[in-house]
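A.B. asks: Contents of entry17.cif (mmCIF, C-alpha atoms; chains and numbers go by the auth columns) are below:
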```cif
data_run
loop_
_atom_site.group_PDB
_atom_site.id
_atom_site.type_symbol
_atom_site.label_atom_id
_atom_site.label_comp_id
_atom_site.label_asym_id
_atom_site.label_seq_id
_atom_site.Cartn_x
_atom_site.Cartn_y
_atom_site.Cartn_z
_atom_site.B_iso_or_equiv
_atom_site.auth_seq_id
_atom_site.auth_asym_id
ATOM 1 C CA MET A 1 111.127 41.485 117.133 0.00 672 A
ATOM 2 C CA GLY A 2 113.421 44.233 115.860 0.00 673 A
ATOM 3 C CA ARG A 3 113.574 45.908 112.519 0.00 674 A
ATOM 4 C CA LYS A 4 116.127 44.824 109.957 0.00 675 A
ATOM 5 C CA PRO A 5 119.337 46.841 109.745 0.00 676 A
ATOM 6 C CA GLY A 6 119.323 49.771 107.357 0.00 677 A
ATOM 7 C CA ALA A 7 120.020 49.380 103.653 0.00 678 A
ATOM 8 C CA ASP A 8 123.585 50.470 104.298 0.00 679 A
ATOM 9 C CA GLY A 9 124.065 47.515 106.700 0.00 680 A
ATOM 10 C CA SER A 10 124.275 49.802 109.717 0.00 681 A
ATOM 11 C CA ASN A 11 122.479 48.975 112.922 0.00 682 A
ATOM 12 C CA PHE A 12 121.863 51.917 115.222 0.00 683 A
ATOM 13 C CA ALA A 13 120.401 51.004 118.592 0.00 684 A
ATOM 14 C CA PRO A 14 119.065 53.925 120.573 0.00 685 A
ATOM 15 C CA ALA A 15 119.128 53.586 124.325 0.00 686 A
ATOM 16 C CA ARG A 16 116.078 52.311 126.171 0.00 687 A
ATOM 17 C CA PRO A 17 113.383 55.009 126.374 0.00 688 A
ATOM 18 C CA ASN A 18 112.391 56.253 129.806 0.00 689 A
ATOM 19 C CA PRO A 19 108.633 56.902 129.920 0.00 690 A
ATOM 20 C CA SER A 20 107.053 59.068 132.503 0.00 691 A
ATOM 21 C CA VAL A 21 103.291 59.336 132.778 0.00 692 A
ATOM 22 C CA SER A 22 102.092 62.513 134.350 0.00 693 A
ATOM 23 C CA ARG A 23 99.006 64.548 135.025 0.00 694 A
ATOM 24 C CA ARG A 24 99.506 68.169 134.134 0.00 695 A
ATOM 25 C CA HIS A 25 98.483 70.714 136.746 0.00 696 A
ATOM 26 C CA LEU A 26 97.926 74.444 136.711 0.00 697 A
ATOM 27 C CA LEU A 27 101.083 76.317 137.547 0.00 698 A
ATOM 28 C CA CYS A 28 99.968 79.882 138.141 0.00 699 A
ATOM 29 C CA LEU A 29 103.564 81.081 138.376 0.00 700 A
ATOM 30 C CA GLU A 30 104.147 80.098 134.745 0.00 701 A
ATOM 31 C CA ILE A 31 101.082 82.003 133.619 0.00 702 A
ATOM 32 C CA PHE A 32 101.903 85.101 135.660 0.00 703 A
ATOM 33 C CA ALA A 33 105.501 85.026 134.498 0.00 704 A
ATOM 34 C CA ALA A 34 104.262 85.309 130.912 0.00 705 A
ATOM 35 C CA GLY A 35 103.002 88.821 131.682 0.00 706 A
ATOM 36 C CA TRP A 36 99.489 88.326 130.331 0.00 707 A
ATOM 37 C CA LEU A 37 96.580 90.577 131.225 0.00 708 A
ATOM 38 C CA PHE A 38 93.702 88.723 132.808 0.00 709 A
ATOM 39 C CA LEU A 39 90.505 90.058 131.283 0.00 710 A
ATOM 40 C CA PRO A 40 87.206 88.176 131.388 0.00 711 A
ATOM 41 C CA ALA A 41 85.949 86.833 128.105 0.00 712 A
ATOM 42 C CA HIS A 42 83.199 84.458 127.052 0.00 713 A
ATOM 43 C CA VAL A 43 84.645 82.157 124.439 0.00 714 A
ATOM 44 C CA GLN A 44 83.791 79.023 122.548 0.00 715 A
ATOM 45 C CA ALA A 45 85.307 77.356 119.490 0.00 716 A
ATOM 46 C CA ARG A 46 82.897 77.504 116.560 0.00 717 A
ATOM 47 C CA ASN A 47 84.889 76.798 113.415 0.00 718 A
ATOM 48 C CA GLY A 48 86.240 73.280 113.946 0.00 719 A
ATOM 49 C CA ASN A 49 89.709 74.261 115.256 0.00 720 A
ATOM 50 C CA SER A 50 89.566 73.542 118.977 0.00 721 A
ATOM 51 C CA CYS A 51 92.291 76.099 119.718 0.00 722 A
ATOM 52 C CA ASP A 52 90.301 78.910 118.070 0.00 723 A
ATOM 53 C CA LEU A 53 88.549 79.662 121.329 0.00 724 A
ATOM 54 C CA ASN A 54 86.935 82.925 120.234 0.00 725 A
ATOM 55 C CA GLY A 55 85.711 81.498 116.910 0.00 726 A
ATOM 56 C CA ASP A 56 87.202 84.194 114.682 0.00 727 A
ATOM 57 C CA GLY A 57 88.798 81.719 112.252 0.00 728 A
ATOM 58 C CA LYS A 58 92.388 82.086 113.455 0.00 729 A
ATOM 59 C CA VAL A 59 94.395 81.084 116.514 0.00 730 A
ATOM 60 C CA ASP A 60 96.207 84.106 117.909 0.00 731 A
ATOM 61 C CA ALA A 61 96.935 86.086 121.094 0.00 732 A
ATOM 62 C CA ALA A 62 93.216 86.581 121.732 0.00 733 A
ATOM 63 C CA ASP A 63 92.774 82.810 121.961 0.00 734 A
ATOM 64 C CA VAL A 64 95.773 82.522 124.284 0.00 735 A
ATOM 65 C CA GLN A 65 94.209 85.190 126.490 0.00 736 A
ATOM 66 C CA ALA A 66 90.889 83.349 126.432 0.00 737 A
ATOM 67 C CA ALA A 67 92.594 80.101 127.495 0.00 738 A
ATOM 68 C CA ILE A 68 94.308 81.891 130.372 0.00 739 A
ATOM 69 C CA ASN A 69 91.056 83.520 131.468 0.00 740 A
ATOM 70 C CA MET A 70 89.252 80.175 131.425 0.00 741 A
ATOM 71 C CA THR A 71 92.083 78.505 133.347 0.00 742 A
ATOM 72 C CA LEU A 72 92.008 81.185 136.036 0.00 743 A
ATOM 73 C CA GLY A 73 88.225 81.028 136.295 0.00 744 A
ATOM 74 C CA LEU A 74 87.741 84.528 134.891 0.00 745 A
ATOM 75 C CA ALA A 75 85.632 83.150 132.042 0.00 746 A
ATOM 76 C CA PRO A 76 83.491 80.016 131.713 0.00 747 A
ATOM 77 C CA CYS A 77 85.542 77.002 130.652 0.00 748 A
ATOM 78 C CA THR A 78 84.198 76.065 127.223 0.00 749 A
ATOM 79 C CA ALA A 79 87.400 74.578 125.783 0.00 750 A
ATOM 80 C CA ASN A 80 87.488 71.075 124.330 0.00 751 A
ATOM 81 C CA ILE A 81 91.232 70.670 123.845 0.00 752 A
ATOM 82 C CA ALA A 82 92.247 68.339 126.672 0.00 753 A
ATOM 83 C CA GLY A 83 88.772 67.019 127.355 0.00 754 A
ATOM 84 C CA LYS A 84 85.378 68.684 127.426 0.00 755 A
ATOM 85 C CA ASN A 85 85.375 71.729 129.721 0.00 756 A
ATOM 86 C CA VAL A 86 88.920 71.081 130.947 0.00 757 A
ATOM 87 C CA CYS A 87 90.864 74.310 131.428 0.00 758 A
ATOM 88 C CA ASN A 88 94.387 74.254 132.851 0.00 759 A
ATOM 89 C CA ILE A 89 98.009 74.986 131.973 0.00 760 A
ATOM 90 C CA VAL A 90 98.128 72.211 129.369 0.00 761 A
ATOM 91 C CA VAL A 91 95.277 73.882 127.472 0.00 762 A
ATOM 92 C CA VAL A 92 97.079 77.232 127.657 0.00 763 A
ATOM 93 C CA GLN A 93 100.298 75.658 126.374 0.00 764 A
ATOM 94 C CA ARG A 94 98.492 73.960 123.485 0.00 765 A
ATOM 95 C CA VAL A 95 96.766 77.198 122.451 0.00 766 A
ATOM 96 C CA ILE A 96 100.098 79.060 122.628 0.00 767 A
ATOM 97 C CA ALA A 97 101.697 76.406 120.397 0.00 768 A
ATOM 98 C CA ALA A 98 98.795 76.652 117.913 0.00 769 A
ATOM 99 C CA SER A 99 99.067 80.457 117.885 0.00 770 A
ATOM 100 C CA LEU A 100 102.699 80.027 116.832 0.00 771 A
ATOM 101 C CA GLY A 101 101.687 77.958 113.805 0.00 772 A
ATOM 102 C CA ARG A 102 101.800 74.438 115.214 0.00 773 A
ATOM 103 C CA SER A 103 98.909 71.988 115.157 0.00 774 A
ATOM 104 C CA CYS A 104 96.222 72.269 117.796 0.00 775 A
ATOM 105 C CA LEU A 105 96.874 69.140 119.845 0.00 776 A
ATOM 106 C CA THR A 106 93.746 67.686 121.373 0.00 777 A
ATOM 107 C CA SER A 107 93.294 64.658 123.552 0.00 778 A
ATOM 108 C CA SER A 108 90.504 62.929 125.394 0.00 779 A
ATOM 109 C CA GLY A 109 92.181 63.356 128.755 0.00 780 A
ATOM 110 C CA MET A 110 94.919 65.072 130.655 0.00 781 A
ATOM 111 C CA HIS A 111 97.464 62.271 130.596 0.00 782 A
ATOM 112 C CA VAL A 112 100.579 62.351 128.490 0.00 783 A
ATOM 113 C CA VAL A 113 103.567 60.040 128.165 0.00 784 A
ATOM 114 C CA SER A 114 106.971 61.697 128.120 0.00 785 A
ATOM 115 C CA LEU A 115 109.704 59.608 126.541 0.00 786 A
ATOM 116 C CA SER A 116 113.420 60.293 126.729 0.00 787 A
ATOM 117 C CA TRP A 117 116.422 58.276 125.594 0.00 788 A
ATOM 118 C CA ARG A 118 120.179 58.564 125.318 0.00 789 A
ATOM 119 C CA ALA A 119 121.474 59.704 121.962 0.00 790 A
ATOM 120 C CA SER A 120 123.236 57.190 119.758 0.00 791 A
ATOM 121 C CA THR A 121 127.007 57.452 119.806 0.00 792 A
ATOM 122 C CA SER A 122 127.119 57.038 116.019 0.00 793 A
ATOM 123 C CA ARG A 123 127.901 60.218 114.076 0.00 794 A
ATOM 124 C CA ASP A 124 125.741 58.886 111.233 0.00 795 A
ATOM 125 C CA VAL A 125 122.450 59.213 113.146 0.00 796 A
ATOM 126 C CA THR A 126 120.236 61.985 111.807 0.00 797 A
ATOM 127 C CA GLY A 127 117.104 61.460 113.890 0.00 798 A
ATOM 128 C CA TYR A 128 114.783 59.121 115.718 0.00 799 A
ATOM 129 C CA VAL A 129 111.367 57.576 115.098 0.00 800 A
ATOM 130 C CA VAL A 130 108.836 56.735 117.806 0.00 801 A
ATOM 131 C CA TYR A 131 106.525 53.734 117.485 0.00 802 A
ATOM 132 C CA ARG A 132 103.693 52.637 119.793 0.00 803 A
ATOM 133 C CA GLY A 133 101.835 49.349 120.248 0.00 804 A
ATOM 134 C CA ALA A 134 99.321 47.679 122.543 0.00 805 A
ATOM 135 C CA ALA A 135 101.527 44.645 123.275 0.00 806 A
ATOM 136 C CA SER A 136 105.158 44.326 124.341 0.00 807 A
ATOM 137 C CA GLY A 137 106.119 42.290 121.272 0.00 808 A
ATOM 138 C CA GLY A 138 104.280 44.527 118.828 0.00 809 A
ATOM 139 C CA PRO A 139 103.043 45.123 116.302 0.00 810 A
ATOM 140 C CA TYR A 140 104.116 48.756 116.620 0.00 811 A
ATOM 141 C CA GLU A 141 102.636 51.588 114.633 0.00 812 A
ATOM 142 C CA PHE A 142 104.476 54.717 113.553 0.00 813 A
ATOM 143 C CA LEU A 143 103.730 57.511 116.008 0.00 814 A
ATOM 144 C CA ALA A 144 106.123 60.306 115.100 0.00 815 A
ATOM 145 C CA SER A 145 109.427 61.314 113.594 0.00 816 A
ATOM 146 C CA ALA A 146 111.067 62.967 116.577 0.00 817 A
ATOM 147 C CA GLY A 147 113.850 64.569 114.560 0.00 818 A
ATOM 148 C CA ASN A 148 117.332 64.784 116.013 0.00 819 A
ATOM 149 C CA VAL A 149 116.149 65.122 119.611 0.00 820 A
ATOM 150 C CA THR A 150 116.032 62.582 122.421 0.00 821 A
ATOM 151 C CA THR A 151 112.597 63.334 123.838 0.00 822 A
ATOM 152 C CA TYR A 152 109.021 62.959 122.685 0.00 823 A
ATOM 153 C CA THR A 153 105.676 63.591 124.381 0.00 824 A
ATOM 154 C CA ASP A 154 102.689 61.493 123.362 0.00 825 A
ATOM 155 C CA THR A 155 99.560 63.587 123.928 0.00 826 A
ATOM 156 C CA THR A 156 97.189 61.100 122.302 0.00 827 A
ATOM 157 C CA VAL A 157 96.986 58.542 125.101 0.00 828 A
ATOM 158 C CA ILE A 158 93.659 57.413 126.543 0.00 829 A
ATOM 159 C CA SER A 159 92.964 56.875 130.236 0.00 830 A
ATOM 160 C CA GLY A 160 92.991 53.245 131.357 0.00 831 A
ATOM 161 C CA GLN A 161 95.078 52.000 128.407 0.00 832 A
ATOM 162 C CA THR A 162 98.537 50.419 128.361 0.00 833 A
ATOM 163 C CA TYR A 163 101.015 51.353 125.656 0.00 834 A
ATOM 164 C CA TYR A 164 104.415 50.014 124.625 0.00 835 A
ATOM 165 C CA TYR A 165 106.926 52.315 122.972 0.00 836 A
ATOM 166 C CA VAL A 166 110.006 51.579 120.890 0.00 837 A
ATOM 167 C CA ILE A 167 112.471 53.957 119.268 0.00 838 A
ATOM 168 C CA THR A 168 114.553 53.579 116.125 0.00 839 A
ATOM 169 C CA SER A 169 117.342 55.771 114.833 0.00 840 A
ATOM 170 C CA LEU A 170 117.760 56.956 111.267 0.00 841 A
ATOM 171 C CA SER A 171 121.068 57.105 109.426 0.00 842 A
ATOM 172 C CA ARG A 172 122.302 59.693 106.961 0.00 843 A
ATOM 173 C CA SER A 173 121.955 57.131 104.163 0.00 844 A
ATOM 174 C CA GLY A 174 118.287 56.499 104.979 0.00 845 A
ATOM 175 C CA GLY A 175 118.701 53.302 106.983 0.00 846 A
ATOM 176 C CA GLU A 176 116.648 52.633 110.092 0.00 847 A
ATOM 177 C CA SER A 177 117.873 50.726 113.140 0.00 848 A
ATOM 178 C CA GLU A 178 116.226 47.830 114.878 0.00 849 A
ATOM 179 C CA TYR A 179 113.627 48.674 117.519 0.00 850 A
ATOM 180 C CA SER A 180 114.912 49.577 120.951 0.00 851 A
ATOM 181 C CA ALA A 181 113.731 47.423 123.852 0.00 852 A
ATOM 182 C CA PRO A 182 110.059 48.230 124.463 0.00 853 A
ATOM 183 C CA VAL A 183 108.988 50.268 127.479 0.00 854 A
ATOM 184 C CA GLN A 184 105.546 50.139 129.033 0.00 855 A
ATOM 185 C CA ALA A 185 103.369 53.099 129.987 0.00 856 A
ATOM 186 C CA VAL A 186 100.187 52.385 131.959 0.00 857 A
ATOM 187 C CA ILE A 187 97.813 55.318 131.732 0.00 858 A
ATOM 188 C CA PRO A 188 95.836 55.862 134.929 0.00 859 A
ATOM 189 C CA THR A 189 92.084 56.240 134.977 0.00 860 A
ATOM 190 C CA PRO A 190 91.207 59.777 136.025 0.00 861 A
#
```
Written as structure tokens, how would this file's structure read?

C.D. replies:
Amino acid sequence: MGRKPGADGSNFAPARPNPSVSRRHLLCLEIFAAGWLFLPAHVQARNGNSCDLNGDGKVDAADVQAAINMTLGLAPCTANIAGKNVCNIVVVQRVIAASLGRSCLTSSGMHVVSLSWRASTSRDVTGYVVYRGAASGGPYEFLASAGNVTTYTDTTVISGQTYYYVITSLSRSGGESEYSAPVQAVIPTP
């Protein structure tokens, strides 16, 4: 069930992905190491961007501080980033990423799937593409262009579901390899 070799006739086969399903937990040491001040604040997103916790129309250091305060219990947890009223290190990390200009990643639960694979030995590989499906044999839907890295974290998984992931590699000439062997990730129910 693989993809056809690239237009240039090349066939890059990335190594089998290694999924790891994990629940993220609060790691106070990471928060304290960041050197943040812990001031109470009452916050709630009001403008449609879940990471804009104070509702001022932008995601910045004030929102990061609000996420930290909610995670530490210094403010009521009103976030809806990793599930309604879920406040932990994952929420803080997502707000930090959004404050740095990235998208505000939201999910309906705290599970993620971390994929990693060995890099292709071909010098012509310029990046990798991640696909996901509900069955081992596909069909697979485009999930993300991972770039020229060998890891990807899927934050859009839903508790109780089973997913199958495949990776392809991209060549300098625009060709795409066949799918890697699929790997299964079973998402636990909270």

A.B. asks: Find the residues near segment 798-809 of chain A: any atom within 8 Å, counting all atoms listed in the file, skip ones fewer than 4 places away on the same chain, and give them as number ranges by chain.

C.D. replies: A: 672, 813-821, 823, 833-842, 853-855

A.B. asks: Distance atom CA of Ala856 of chain A-atom CA of Gly772 of chain A, one decimal place?

C.D. replies: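 Pair atom CA of Ala856 of chain A / atom CA of Gly772 of chain A returns 29.7 Å.
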
A.B. asks: Using atom CA of Leu776 of chain A and atom CA of Asn756 of chain A as the two end points, give the distance in Å to one decimal.

C.D. replies: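 So the answer is 15.4 Å.
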
A.B. asks: With all atoms listed in the file as the counted atoms, please give the residues lying no more than 9 Å from Thr860 of chain A, apart from itself and same-chain residues fewer than 6 positions off, as a list in words.

C.D. replies: Ile829, Ser830, Gly831 and Gln832 of chain A

A.B. asks: For the residues in the current selection, export C-alpha atoms as a PDB file, in the frame of the given file.

C.D. replies:
```
ATOM      1  CA  ILE A 829      93.659  57.413 126.543  1.00  0.00           C
ATOM      2  CA  SER A 830      92.964  56.875 130.236  1.00  0.00           C
ATOM      3  CA  GLY A 831      92.991  53.245 131.357  1.00  0.00           C
ATOM      4  CA  GLN A 832      95.078  52.000 128.407  1.00  0.00           C
TER       5      GLN A 832
END
```

A.B. asks: Taking the file as shown, find all residues satisfying the PyMOL selection byres ((chain A and resi 777) around 7) and write them as a ChimeraX atom specification.

C.D. replies: /A:752-753,775-776,778

A.B. asks: Using Å and a single decimal, report how far atom CA of Val766 of chain A sits from atom CA of Ser787 of chain A.

C.D. replies: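 Rounded to one decimal, the two atoms are 24.1 Å apart.
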
A.B. asks: Box time for segment 728-741 of chain A: axis-aligned, enclosing all its listed atoms, 8 Å extra on each side; report centre and edge lengths in Å to one decimal, as JSON.

C.D. replies:
```
{"center_x": 92.9, "center_y": 83.3, "center_z": 121.9, "size_x": 24.1, "size_y": 22.5, "size_z": 35.2}
```

A.B. asks: Take the PyMOL selection byres ((chain A and resi 826) around 7), run it mentally on this structure, and tell me the resulting residues as a PyMOL selection string.

C.D. replies: chain A and resi 778+783-784+824-825+827-828

A.B. asks: For Ala790 of chain A, which residue among A:Ser844, A:Gln736, A:Asn751, A:Thr822 is the nearest when counting only C-alpha atoms?

C.D. replies: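 Result for the nearest residue to Ala790 of chain A: A:Thr822.
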
A.B. asks: I need the residue nearest Thr749 of chain A from this list: A:Val761, A:Ala768, A:Leu724, A:Val796. Use all atoms listed in the file for the distance.

C.D. replies: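 Comparing A:Val761, A:Ala768, A:Leu724, A:Val796 against Thr749 of chain A, the winner is A:Leu724.
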
A.B. asks: Will you model N, CA and C atoms for segment 788-821 of chain A and pass it back as a PDB file, in the coordinates of the input?

C.D. replies:
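Written file, selection.pdb:
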```
ATOM      1  N   TRP A 788     115.436  59.334 125.829  1.00  0.00           N
ATOM      2  CA  TRP A 788     116.422  58.276 125.594  1.00  0.00           C
ATOM      3  C   TRP A 788     117.781  58.910 125.381  1.00  0.00           C
ATOM      4  N   ARG A 789     118.817  58.094 125.565  1.00  0.00           N
ATOM      5  CA  ARG A 789     120.179  58.564 125.318  1.00  0.00           C
ATOM      6  C   ARG A 789     120.431  58.580 123.813  1.00  0.00           C
ATOM      7  N   ALA A 790     121.143  59.586 123.384  1.00  0.00           N
ATOM      8  CA  ALA A 790     121.474  59.704 121.962  1.00  0.00           C
ATOM      9  C   ALA A 790     122.421  58.582 121.555  1.00  0.00           C
ATOM     10  N   SER A 791     122.310  58.173 120.316  1.00  0.00           N
ATOM     11  CA  SER A 791     123.236  57.190 119.758  1.00  0.00           C
ATOM     12  C   SER A 791     124.629  57.800 119.714  1.00  0.00           C
ATOM     13  N   THR A 792     125.626  56.968 119.882  1.00  0.00           N
ATOM     14  CA  THR A 792     127.007  57.452 119.806  1.00  0.00           C
ATOM     15  C   THR A 792     127.500  57.526 118.365  1.00  0.00           C
ATOM     16  N   SER A 793     126.726  57.008 117.426  1.00  0.00           N
ATOM     17  CA  SER A 793     127.119  57.038 116.019  1.00  0.00           C
ATOM     18  C   SER A 793     126.965  58.449 115.455  1.00  0.00           C
ATOM     19  N   ARG A 794     127.960  58.892 114.726  1.00  0.00           N
ATOM     20  CA  ARG A 794     127.901  60.218 114.076  1.00  0.00           C
ATOM     21  C   ARG A 794     126.968  60.206 112.873  1.00  0.00           C
ATOM     22  N   ASP A 795     126.565  59.015 112.430  1.00  0.00           N
ATOM     23  CA  ASP A 795     125.741  58.886 111.233  1.00  0.00           C
ATOM     24  C   ASP A 795     124.244  59.043 111.522  1.00  0.00           C
ATOM     25  N   VAL A 796     123.869  59.110 112.787  1.00  0.00           N
ATOM     26  CA  VAL A 796     122.450  59.213 113.146  1.00  0.00           C
ATOM     27  C   VAL A 796     121.944  60.623 112.869  1.00  0.00           C
ATOM     28  N   THR A 797     120.825  60.688 112.149  1.00  0.00           N
ATOM     29  CA  THR A 797     120.236  61.985 111.807  1.00  0.00           C
ATOM     30  C   THR A 797     118.906  62.241 112.503  1.00  0.00           C
ATOM     31  N   GLY A 798     118.375  61.259 113.199  1.00  0.00           N
ATOM     32  CA  GLY A 798     117.104  61.460 113.890  1.00  0.00           C
ATOM     33  C   GLY A 798     116.573  60.163 114.450  1.00  0.00           C
ATOM     34  N   TYR A 799     115.402  60.265 115.055  1.00  0.00           N
ATOM     35  CA  TYR A 799     114.783  59.121 115.718  1.00  0.00           C
ATOM     36  C   TYR A 799     113.316  59.034 115.330  1.00  0.00           C
ATOM     37  N   VAL A 800     112.774  57.816 115.401  1.00  0.00           N
ATOM     38  CA  VAL A 800     111.367  57.576 115.098  1.00  0.00           C
ATOM     39  C   VAL A 800     110.748  56.878 116.305  1.00  0.00           C
ATOM     40  N   VAL A 801     109.544  57.301 116.660  1.00  0.00           N
ATOM     41  CA  VAL A 801     108.836  56.735 117.806  1.00  0.00           C
ATOM     42  C   VAL A 801     107.694  55.866 117.283  1.00  0.00           C
ATOM     43  N   TYR A 802     107.604  54.659 117.822  1.00  0.00           N
ATOM     44  CA  TYR A 802     106.525  53.734 117.485  1.00  0.00           C
ATOM     45  C   TYR A 802     105.793  53.367 118.773  1.00  0.00           C
ATOM     46  N   ARG A 803     104.505  53.015 118.634  1.00  0.00           N
ATOM     47  CA  ARG A 803     103.693  52.637 119.793  1.00  0.00           C
ATOM     48  C   ARG A 803     102.851  51.419 119.451  1.00  0.00           C
ATOM     49  N   GLY A 804     102.676  50.530 120.430  1.00  0.00           N
ATOM     50  CA  GLY A 804     101.835  49.349 120.248  1.00  0.00           C
ATOM     51  C   GLY A 804     101.061  49.052 121.513  1.00  0.00           C
ATOM     52  N   ALA A 805     100.153  48.074 121.404  1.00  0.00           N
ATOM     53  CA  ALA A 805      99.321  47.679 122.543  1.00  0.00           C
ATOM     54  C   ALA A 805      99.870  46.435 123.237  1.00  0.00           C
ATOM     55  N   ALA A 806     100.921  45.844 122.683  1.00  0.00           N
ATOM     56  CA  ALA A 806     101.527  44.645 123.275  1.00  0.00           C
ATOM     57  C   ALA A 806     103.041  44.794 123.246  1.00  0.00           C
ATOM     58  N   SER A 807     103.710  44.195 124.212  1.00  0.00           N
ATOM     59  CA  SER A 807     105.158  44.326 124.341  1.00  0.00           C
ATOM     60  C   SER A 807     105.903  43.871 123.091  1.00  0.00           C
ATOM     61  N   GLY A 808     105.446  42.800 122.454  1.00  0.00           N
ATOM     62  CA  GLY A 808     106.119  42.290 121.272  1.00  0.00           C
ATOM     63  C   GLY A 808     105.644  42.898 119.974  1.00  0.00           C
ATOM     64  N   GLY A 809     104.811  43.902 120.039  1.00  0.00           N
ATOM     65  CA  GLY A 809     104.280  44.527 118.828  1.00  0.00           C
ATOM     66  C   GLY A 809     102.967  43.904 118.416  1.00  0.00           C
ATOM     67  N   PRO A 810     102.438  44.227 117.277  1.00  0.00           N
ATOM     68  CA  PRO A 810     103.043  45.123 116.302  1.00  0.00           C
ATOM     69  C   PRO A 810     103.047  46.569 116.805  1.00  0.00           C
ATOM     70  N   TYR A 811     103.995  47.349 116.274  1.00  0.00           N
ATOM     71  CA  TYR A 811     104.116  48.756 116.620  1.00  0.00           C
ATOM     72  C   TYR A 811     103.730  49.589 115.413  1.00  0.00           C
ATOM     73  N   GLU A 812     103.040  50.665 115.695  1.00  0.00           N
ATOM     74  CA  GLU A 812     102.636  51.588 114.633  1.00  0.00           C
ATOM     75  C   GLU A 812     103.448  52.868 114.746  1.00  0.00           C
ATOM     76  N   PHE A 813     103.767  53.437 113.598  1.00  0.00           N
ATOM     77  CA  PHE A 813     104.476  54.717 113.553  1.00  0.00           C
ATOM     78  C   PHE A 813     103.688  55.746 114.357  1.00  0.00           C
ATOM     79  N   LEU A 814     104.373  56.453 115.244  1.00  0.00           N
ATOM     80  CA  LEU A 814     103.730  57.511 116.008  1.00  0.00           C
ATOM     81  C   LEU A 814     104.246  58.875 115.572  1.00  0.00           C
ATOM     82  N   ALA A 815     105.574  58.999 115.474  1.00  0.00           N
ATOM     83  CA  ALA A 815     106.123  60.306 115.100  1.00  0.00           C
ATOM     84  C   ALA A 815     107.586  60.198 114.706  1.00  0.00           C
ATOM     85  N   SER A 816     108.006  61.096 113.839  1.00  0.00           N
ATOM     86  CA  SER A 816     109.427  61.314 113.594  1.00  0.00           C
ATOM     87  C   SER A 816     109.849  62.388 114.578  1.00  0.00           C
ATOM     88  N   ALA A 817     110.696  62.031 115.519  1.00  0.00           N
ATOM     89  CA  ALA A 817     111.067  62.967 116.577  1.00  0.00           C
ATOM     90  C   ALA A 817     112.155  63.935 116.142  1.00  0.00           C
ATOM     91  N   GLY A 818     112.752  63.713 114.982  1.00  0.00           N
ATOM     92  CA  GLY A 818     113.850  64.569 114.560  1.00  0.00           C
ATOM     93  C   GLY A 818     115.113  64.178 115.300  1.00  0.00           C
ATOM     94  N   ASN A 819     116.058  65.082 115.364  1.00  0.00           N
ATOM     95  CA  ASN A 819     117.332  64.784 116.013  1.00  0.00           C
ATOM     96  C   ASN A 819     117.307  65.259 117.463  1.00  0.00           C
ATOM     97  N   VAL A 820     116.287  64.833 118.185  1.00  0.00           N
ATOM     98  CA  VAL A 820     116.149  65.122 119.611  1.00  0.00           C
ATOM     99  C   VAL A 820     115.963  63.800 120.344  1.00  0.00           C
ATOM    100  N   THR A 821     116.126  63.815 121.647  1.00  0.00           N
ATOM    101  CA  THR A 821     116.032  62.582 122.421  1.00  0.00           C
ATOM    102  C   THR A 821     114.865  62.603 123.396  1.00  0.00           C
TER     103      THR A 821
END
```
